[in-house]
>>> print(open('upload-v5.cif').read())   # mmCIF, C-alpha atoms
data_structure
#
loop_
_atom_site.group_PDB
_atom_site.id
_atom_site.type_symbol
_atom_site.label_atom_id
_atom_site.label_comp_id
_atom_site.auth_asym_id
_atom_site.auth_seq_id
_atom_site.Cartn_x
_atom_site.Cartn_y
_atom_site.Cartn_z
ATOM 1 C CA MET A 1005 2.126 -6.365 -16.682
ATOM 2 C CA MET A 1006 2.159 -2.628 -17.292
ATOM 3 C CA ASP A 1007 5.276 -0.510 -17.550
ATOM 4 C CA ASP A 1008 5.382 3.250 -16.984
ATOM 5 C CA THR A 1009 4.501 3.890 -20.626
ATOM 6 C CA SER A 1010 1.200 2.027 -20.169
ATOM 7 C CA TYR A 1011 -0.125 4.484 -17.592
ATOM 8 C CA THR A 1012 -2.042 7.633 -18.355
ATOM 9 C CA GLU A 1013 -0.762 10.893 -16.894
ATOM 10 C CA GLU A 1014 -3.627 10.808 -14.398
ATOM 11 C CA GLN A 1015 -2.777 7.252 -13.315
ATOM 12 C CA LEU A 1016 0.894 8.149 -12.886
ATOM 13 C CA ALA A 1017 0.001 11.213 -10.835
ATOM 14 C CA VAL A 1018 -2.197 9.141 -8.513
ATOM 15 C CA LEU A 1019 0.376 6.348 -8.217
ATOM 16 C CA GLN A 1020 3.149 8.843 -7.480
ATOM 17 C CA ARG A 1021 1.009 10.573 -4.842
ATOM 18 C CA LEU A 1022 0.097 7.290 -3.158
ATOM 19 C CA LEU A 1023 3.710 6.134 -3.062
ATOM 20 C CA SER A 1024 4.816 9.519 -1.713
ATOM 21 C CA ILE A 1025 2.368 8.962 1.158
ATOM 22 C CA VAL A 1026 3.857 5.494 1.707
ATOM 23 C CA ASP A 1027 7.363 6.926 1.699
ATOM 24 C CA ARG A 1028 6.444 9.658 4.193
ATOM 25 C CA LEU A 1029 4.732 7.168 6.504
ATOM 26 C CA TYR A 1030 7.698 4.798 6.289
ATOM 27 C CA GLN A 1031 10.020 7.631 7.306
ATOM 28 C CA GLU A 1032 7.765 8.768 10.158
ATOM 29 C CA THR A 1033 7.405 5.223 11.516
ATOM 30 C CA ALA A 1034 10.990 4.031 11.181
ATOM 31 C CA GLY A 1035 11.760 1.792 14.171
ATOM 32 C CA PHE A 1036 8.083 1.192 14.963
ATOM 33 C CA LEU A 1037 8.797 -2.438 15.945
ATOM 34 C CA GLU A 1038 10.698 -1.258 19.022
ATOM 35 C CA HIS A 1039 7.833 0.961 20.194
ATOM 36 C CA GLY A 1040 4.724 -1.040 21.037
ATOM 37 C CA ASP A 1041 3.610 1.864 23.179
ATOM 38 C CA ASN A 1042 3.083 4.067 20.100
ATOM 39 C CA GLN A 1043 0.044 2.490 18.474
ATOM 40 C CA GLN A 1044 -0.324 5.414 16.067
ATOM 41 C CA HIS A 1045 3.016 4.512 14.485
ATOM 42 C CA TRP A 1046 1.895 0.904 14.153
ATOM 43 C CA TYR A 1047 -1.389 1.999 12.558
ATOM 44 C CA ASN A 1048 0.421 4.361 10.168
ATOM 45 C CA ARG A 1049 2.908 1.668 9.144
ATOM 46 C CA GLY A 1050 0.005 -0.715 8.513
ATOM 47 C CA TYR A 1051 -1.773 1.984 6.507
ATOM 48 C CA ALA A 1052 1.287 2.433 4.293
ATOM 49 C CA ASN A 1053 1.523 -1.311 3.770
ATOM 50 C CA GLY A 1054 -2.207 -1.438 3.030
ATOM 51 C CA ILE A 1055 -1.685 1.053 0.202
ATOM 52 C CA ILE A 1056 1.106 -1.126 -1.165
ATOM 53 C CA ARG A 1057 -0.951 -4.307 -0.818
ATOM 54 C CA GLN A 1058 -3.955 -2.820 -2.634
ATOM 55 C CA LEU A 1059 -1.873 -1.362 -5.459
ATOM 56 C CA THR A 1060 -0.158 -4.723 -5.870
ATOM 57 C CA GLN A 1061 -3.461 -6.609 -5.892
ATOM 58 C CA SER A 1062 -4.887 -4.114 -8.385
ATOM 59 C CA GLY A 1063 -2.229 -4.840 -10.977
ATOM 60 C CA TYR A 1064 0.262 -2.072 -10.214
ATOM 61 C CA TRP A 1065 2.865 -4.374 -8.679
ATOM 62 C CA THR A 1066 5.509 -3.492 -11.281
ATOM 63 C CA TYR A 1067 5.214 0.219 -10.535
ATOM 64 C CA VAL A 1068 5.299 -0.424 -6.791
ATOM 65 C CA GLU A 1069 8.257 -2.793 -7.113
ATOM 66 C CA ASP A 1070 10.174 -0.240 -9.193
ATOM 67 C CA ASN A 1071 9.591 2.600 -6.739
ATOM 68 C CA ILE A 1072 9.569 1.301 -3.166
ATOM 69 C CA ILE A 1073 10.967 -1.505 -1.042
ATOM 70 C CA PRO A 1074 7.997 -2.773 0.972
ATOM 71 C CA ASP A 1075 8.155 -4.363 4.389
ATOM 72 C CA ALA A 1076 8.160 -8.146 4.587
ATOM 73 C CA GLU A 1077 4.663 -9.638 4.754
ATOM 74 C CA ASN A 1078 5.389 -11.140 8.180
ATOM 75 C CA ILE A 1079 6.967 -8.027 9.690
ATOM 76 C CA ILE A 1080 4.691 -8.061 12.744
ATOM 77 C CA ALA A 1081 4.990 -11.804 13.442
ATOM 78 C CA GLY A 1082 4.528 -12.344 17.163
ATOM 79 C CA HIS A 1083 2.741 -9.013 17.656
ATOM 80 C CA GLU A 1084 -0.595 -9.815 16.003
ATOM 81 C CA PHE A 1085 -2.598 -10.207 19.219
ATOM 82 C CA TRP A 1086 -1.206 -7.218 21.082
ATOM 83 C CA ALA A 1087 -2.970 -3.848 20.873
ATOM 84 C CA TRP A 1088 -0.226 -2.445 18.633
ATOM 85 C CA GLY A 1089 -0.447 -5.445 16.298
ATOM 86 C CA ARG A 1090 -4.201 -4.952 16.013
ATOM 87 C CA ALA A 1091 -3.586 -1.245 15.276
ATOM 88 C CA TYR A 1092 -1.232 -2.308 12.461
ATOM 89 C CA GLN A 1093 -3.847 -4.720 11.048
ATOM 90 C CA HIS A 1094 -6.505 -1.997 11.164
ATOM 91 C CA GLY A 1095 -4.099 0.313 9.333
ATOM 92 C CA ILE A 1096 -3.668 -2.347 6.616
ATOM 93 C CA GLU A 1097 -7.440 -2.645 6.227
ATOM 94 C CA MET A 1098 -7.976 1.114 6.015
ATOM 95 C CA GLY A 1099 -5.030 1.667 3.667
ATOM 96 C CA MET A 1100 -6.418 -0.972 1.328
ATOM 97 C CA LYS A 1101 -9.976 0.342 1.519
ATOM 98 C CA GLU A 1102 -9.078 3.967 0.940
ATOM 99 C CA THR A 1103 -6.715 3.082 -1.910
ATOM 100 C CA ARG A 1104 -9.506 1.022 -3.501
ATOM 101 C CA ASP A 1105 -11.800 4.039 -3.100
ATOM 102 C CA ILE A 1106 -9.274 6.189 -4.988
ATOM 103 C CA ILE A 1107 -8.310 3.836 -7.797
ATOM 104 C CA GLY A 1108 -11.642 2.048 -8.175
ATOM 105 C CA PRO A 1109 -12.305 -1.609 -8.890
ATOM 106 C CA ILE A 1110 -10.039 -3.709 -11.048
ATOM 107 C CA GLN A 1111 -11.195 -3.505 -14.650
ATOM 108 C CA GLN A 1112 -10.145 -6.527 -16.674
ATOM 109 C CA SER A 1113 -10.848 -7.349 -20.254
ATOM 110 C CA SER A 1114 -9.290 -9.776 -22.677
ATOM 111 C CA GLY A 1115 -5.880 -8.410 -23.487
ATOM 112 C CA SER A 1116 -5.534 -6.246 -20.377
ATOM 113 C CA ALA A 1117 -5.587 -8.694 -17.480
ATOM 114 C CA GLY A 1118 -4.504 -7.002 -14.283
ATOM 115 C CA ARG A 1119 -4.894 -3.565 -15.795
ATOM 116 C CA ASN A 1120 -6.904 -1.039 -13.888
ATOM 117 C CA GLY A 1121 -8.734 1.406 -16.090
ATOM 118 C CA ALA A 1122 -10.848 2.995 -13.367
ATOM 119 C CA PHE A 1123 -8.888 6.220 -13.093
#
>>> encode(input="upload-v5.cif", output="structure tokens")
Amino acid sequence: MMDDTSYTEEQLAVLQRLLSIVDRLYQETAGFLEHGDNQQHWYNRGYANGIIRQLTQSGYWTYVEDNIIPDAENIIAGHEFWAWGRAYQHGIEMGMKETRDIIGPIQQSSGSAGRNGAF
């Protein structure tokens, strides 16, 4: 586990920027569950959650947990097979991919399990 003092200035800047994107997308897509007709909102909400999922999987879960309240994992239950649910899933995939592209692969060594030293 890494606390804020374990991050370089560059890592903190990137993490802060990514979470500011998540926050903005969360605000823009508030109430998206009631609007299946707006697939862009569903995609954007999925994208935000994809960023969160990738950061969490890359070892930054403590930072994420300290700075944002993510949606429940099953937030779209019952919507998965509708066009808007598929838009959300595609947003998750792209948010994860593009976050991975920014932060790089997980770099683990003995003594720094879960730590990402790519950026």
>>> residues_around(input="upload-v5.cif", residues="A:Gly1050", least_positions_apart="3", cutoff="7 Å", atoms="all atoms listed in the file", output="JSON, numbers by chain")
{"A": [1046, 1047, 1053, 1054, 1092, 1093, 1095, 1096]}
>>> resolve_selection(input="upload-v5.cif", expression="the PyMOL selection byres ((chain A and resi 1020) around 12)", output="ChimeraX atom specification")
/A:1008,1011,1013-1019,1021-1027,1055-1056,1059,1064,1067-1068,1070-1072
>>> write_last_selection(input="upload-v5.cif", atoms="C-alpha atoms", output="mmCIF file, in the frame of the given file")
data_model
loop_
_atom_site.group_PDB
_atom_site.id
_atom_site.type_symbol
_atom_site.label_atom_id
_atom_site.label_comp_id
_atom_site.auth_asym_id
_atom_site.auth_seq_id
_atom_site.Cartn_x
_atom_site.Cartn_y
_atom_site.Cartn_z
ATOM 1 C CA ASP A 1008 5.382 3.250 -16.984
ATOM 2 C CA TYR A 1011 -0.125 4.484 -17.592
ATOM 3 C CA GLU A 1013 -0.762 10.893 -16.894
ATOM 4 C CA GLU A 1014 -3.627 10.808 -14.398
ATOM 5 C CA GLN A 1015 -2.777 7.252 -13.315
ATOM 6 C CA LEU A 1016 0.894 8.149 -12.886
ATOM 7 C CA ALA A 1017 0.001 11.213 -10.835
ATOM 8 C CA VAL A 1018 -2.197 9.141 -8.513
ATOM 9 C CA LEU A 1019 0.376 6.348 -8.217
ATOM 10 C CA ARG A 1021 1.009 10.573 -4.842
ATOM 11 C CA LEU A 1022 0.097 7.290 -3.158
ATOM 12 C CA LEU A 1023 3.710 6.134 -3.062
ATOM 13 C CA SER A 1024 4.816 9.519 -1.713
ATOM 14 C CA ILE A 1025 2.368 8.962 1.158
ATOM 15 C CA VAL A 1026 3.857 5.494 1.707
ATOM 16 C CA ASP A 1027 7.363 6.926 1.699
ATOM 17 C CA ILE A 1055 -1.685 1.053 0.202
ATOM 18 C CA ILE A 1056 1.106 -1.126 -1.165
ATOM 19 C CA LEU A 1059 -1.873 -1.362 -5.459
ATOM 20 C CA TYR A 1064 0.262 -2.072 -10.214
ATOM 21 C CA TYR A 1067 5.214 0.219 -10.535
ATOM 22 C CA VAL A 1068 5.299 -0.424 -6.791
ATOM 23 C CA ASP A 1070 10.174 -0.240 -9.193
ATOM 24 C CA ASN A 1071 9.591 2.600 -6.739
ATOM 25 C CA ILE A 1072 9.569 1.301 -3.166
#
>>> resolve_selection(input="upload-v5.cif", expression="the PyMOL selection byres ((chain A and resi 1037) around 10)", output="mmCIF file with C-alpha atoms, in the frame of the given file")
data_model
loop_
_atom_site.group_PDB
_atom_site.id
_atom_site.type_symbol
_atom_site.label_atom_id
_atom_site.label_comp_id
_atom_site.auth_asym_id
_atom_site.auth_seq_id
_atom_site.Cartn_x
_atom_site.Cartn_y
_atom_site.Cartn_z
ATOM 1 C CA THR A 1033 7.405 5.223 11.516
ATOM 2 C CA ALA A 1034 10.990 4.031 11.181
ATOM 3 C CA GLY A 1035 11.760 1.792 14.171
ATOM 4 C CA PHE A 1036 8.083 1.192 14.963
ATOM 5 C CA GLU A 1038 10.698 -1.258 19.022
ATOM 6 C CA HIS A 1039 7.833 0.961 20.194
ATOM 7 C CA GLY A 1040 4.724 -1.040 21.037
ATOM 8 C CA ASP A 1041 3.610 1.864 23.179
ATOM 9 C CA ASN A 1042 3.083 4.067 20.100
ATOM 10 C CA HIS A 1045 3.016 4.512 14.485
ATOM 11 C CA TRP A 1046 1.895 0.904 14.153
ATOM 12 C CA ARG A 1049 2.908 1.668 9.144
ATOM 13 C CA ILE A 1079 6.967 -8.027 9.690
ATOM 14 C CA ILE A 1080 4.691 -8.061 12.744
ATOM 15 C CA HIS A 1083 2.741 -9.013 17.656
ATOM 16 C CA TRP A 1088 -0.226 -2.445 18.633
ATOM 17 C CA GLY A 1089 -0.447 -5.445 16.298
#
>>> closest_residue(input="upload-v5.cif", among="A:Pro1074, A:Asp1105, A:Phe1085, A:Glu1032", to="A:Asn1048", atoms="all atoms listed in the file")
A:Glu1032
>>> residues_near_point(input="upload-v5.cif", point="(-9.0, -0.8, 0.5)", cutoff="12 Å", atoms="only C-alpha atoms", output="VMD selection string")
chain A and resid 1051 to 1062 1094 to 1110
>>> atom_distance(input="upload-v5.cif", atom1="atom CA of A:Ala1087", atom2="atom CA of A:Ile1073")
26.1 Å
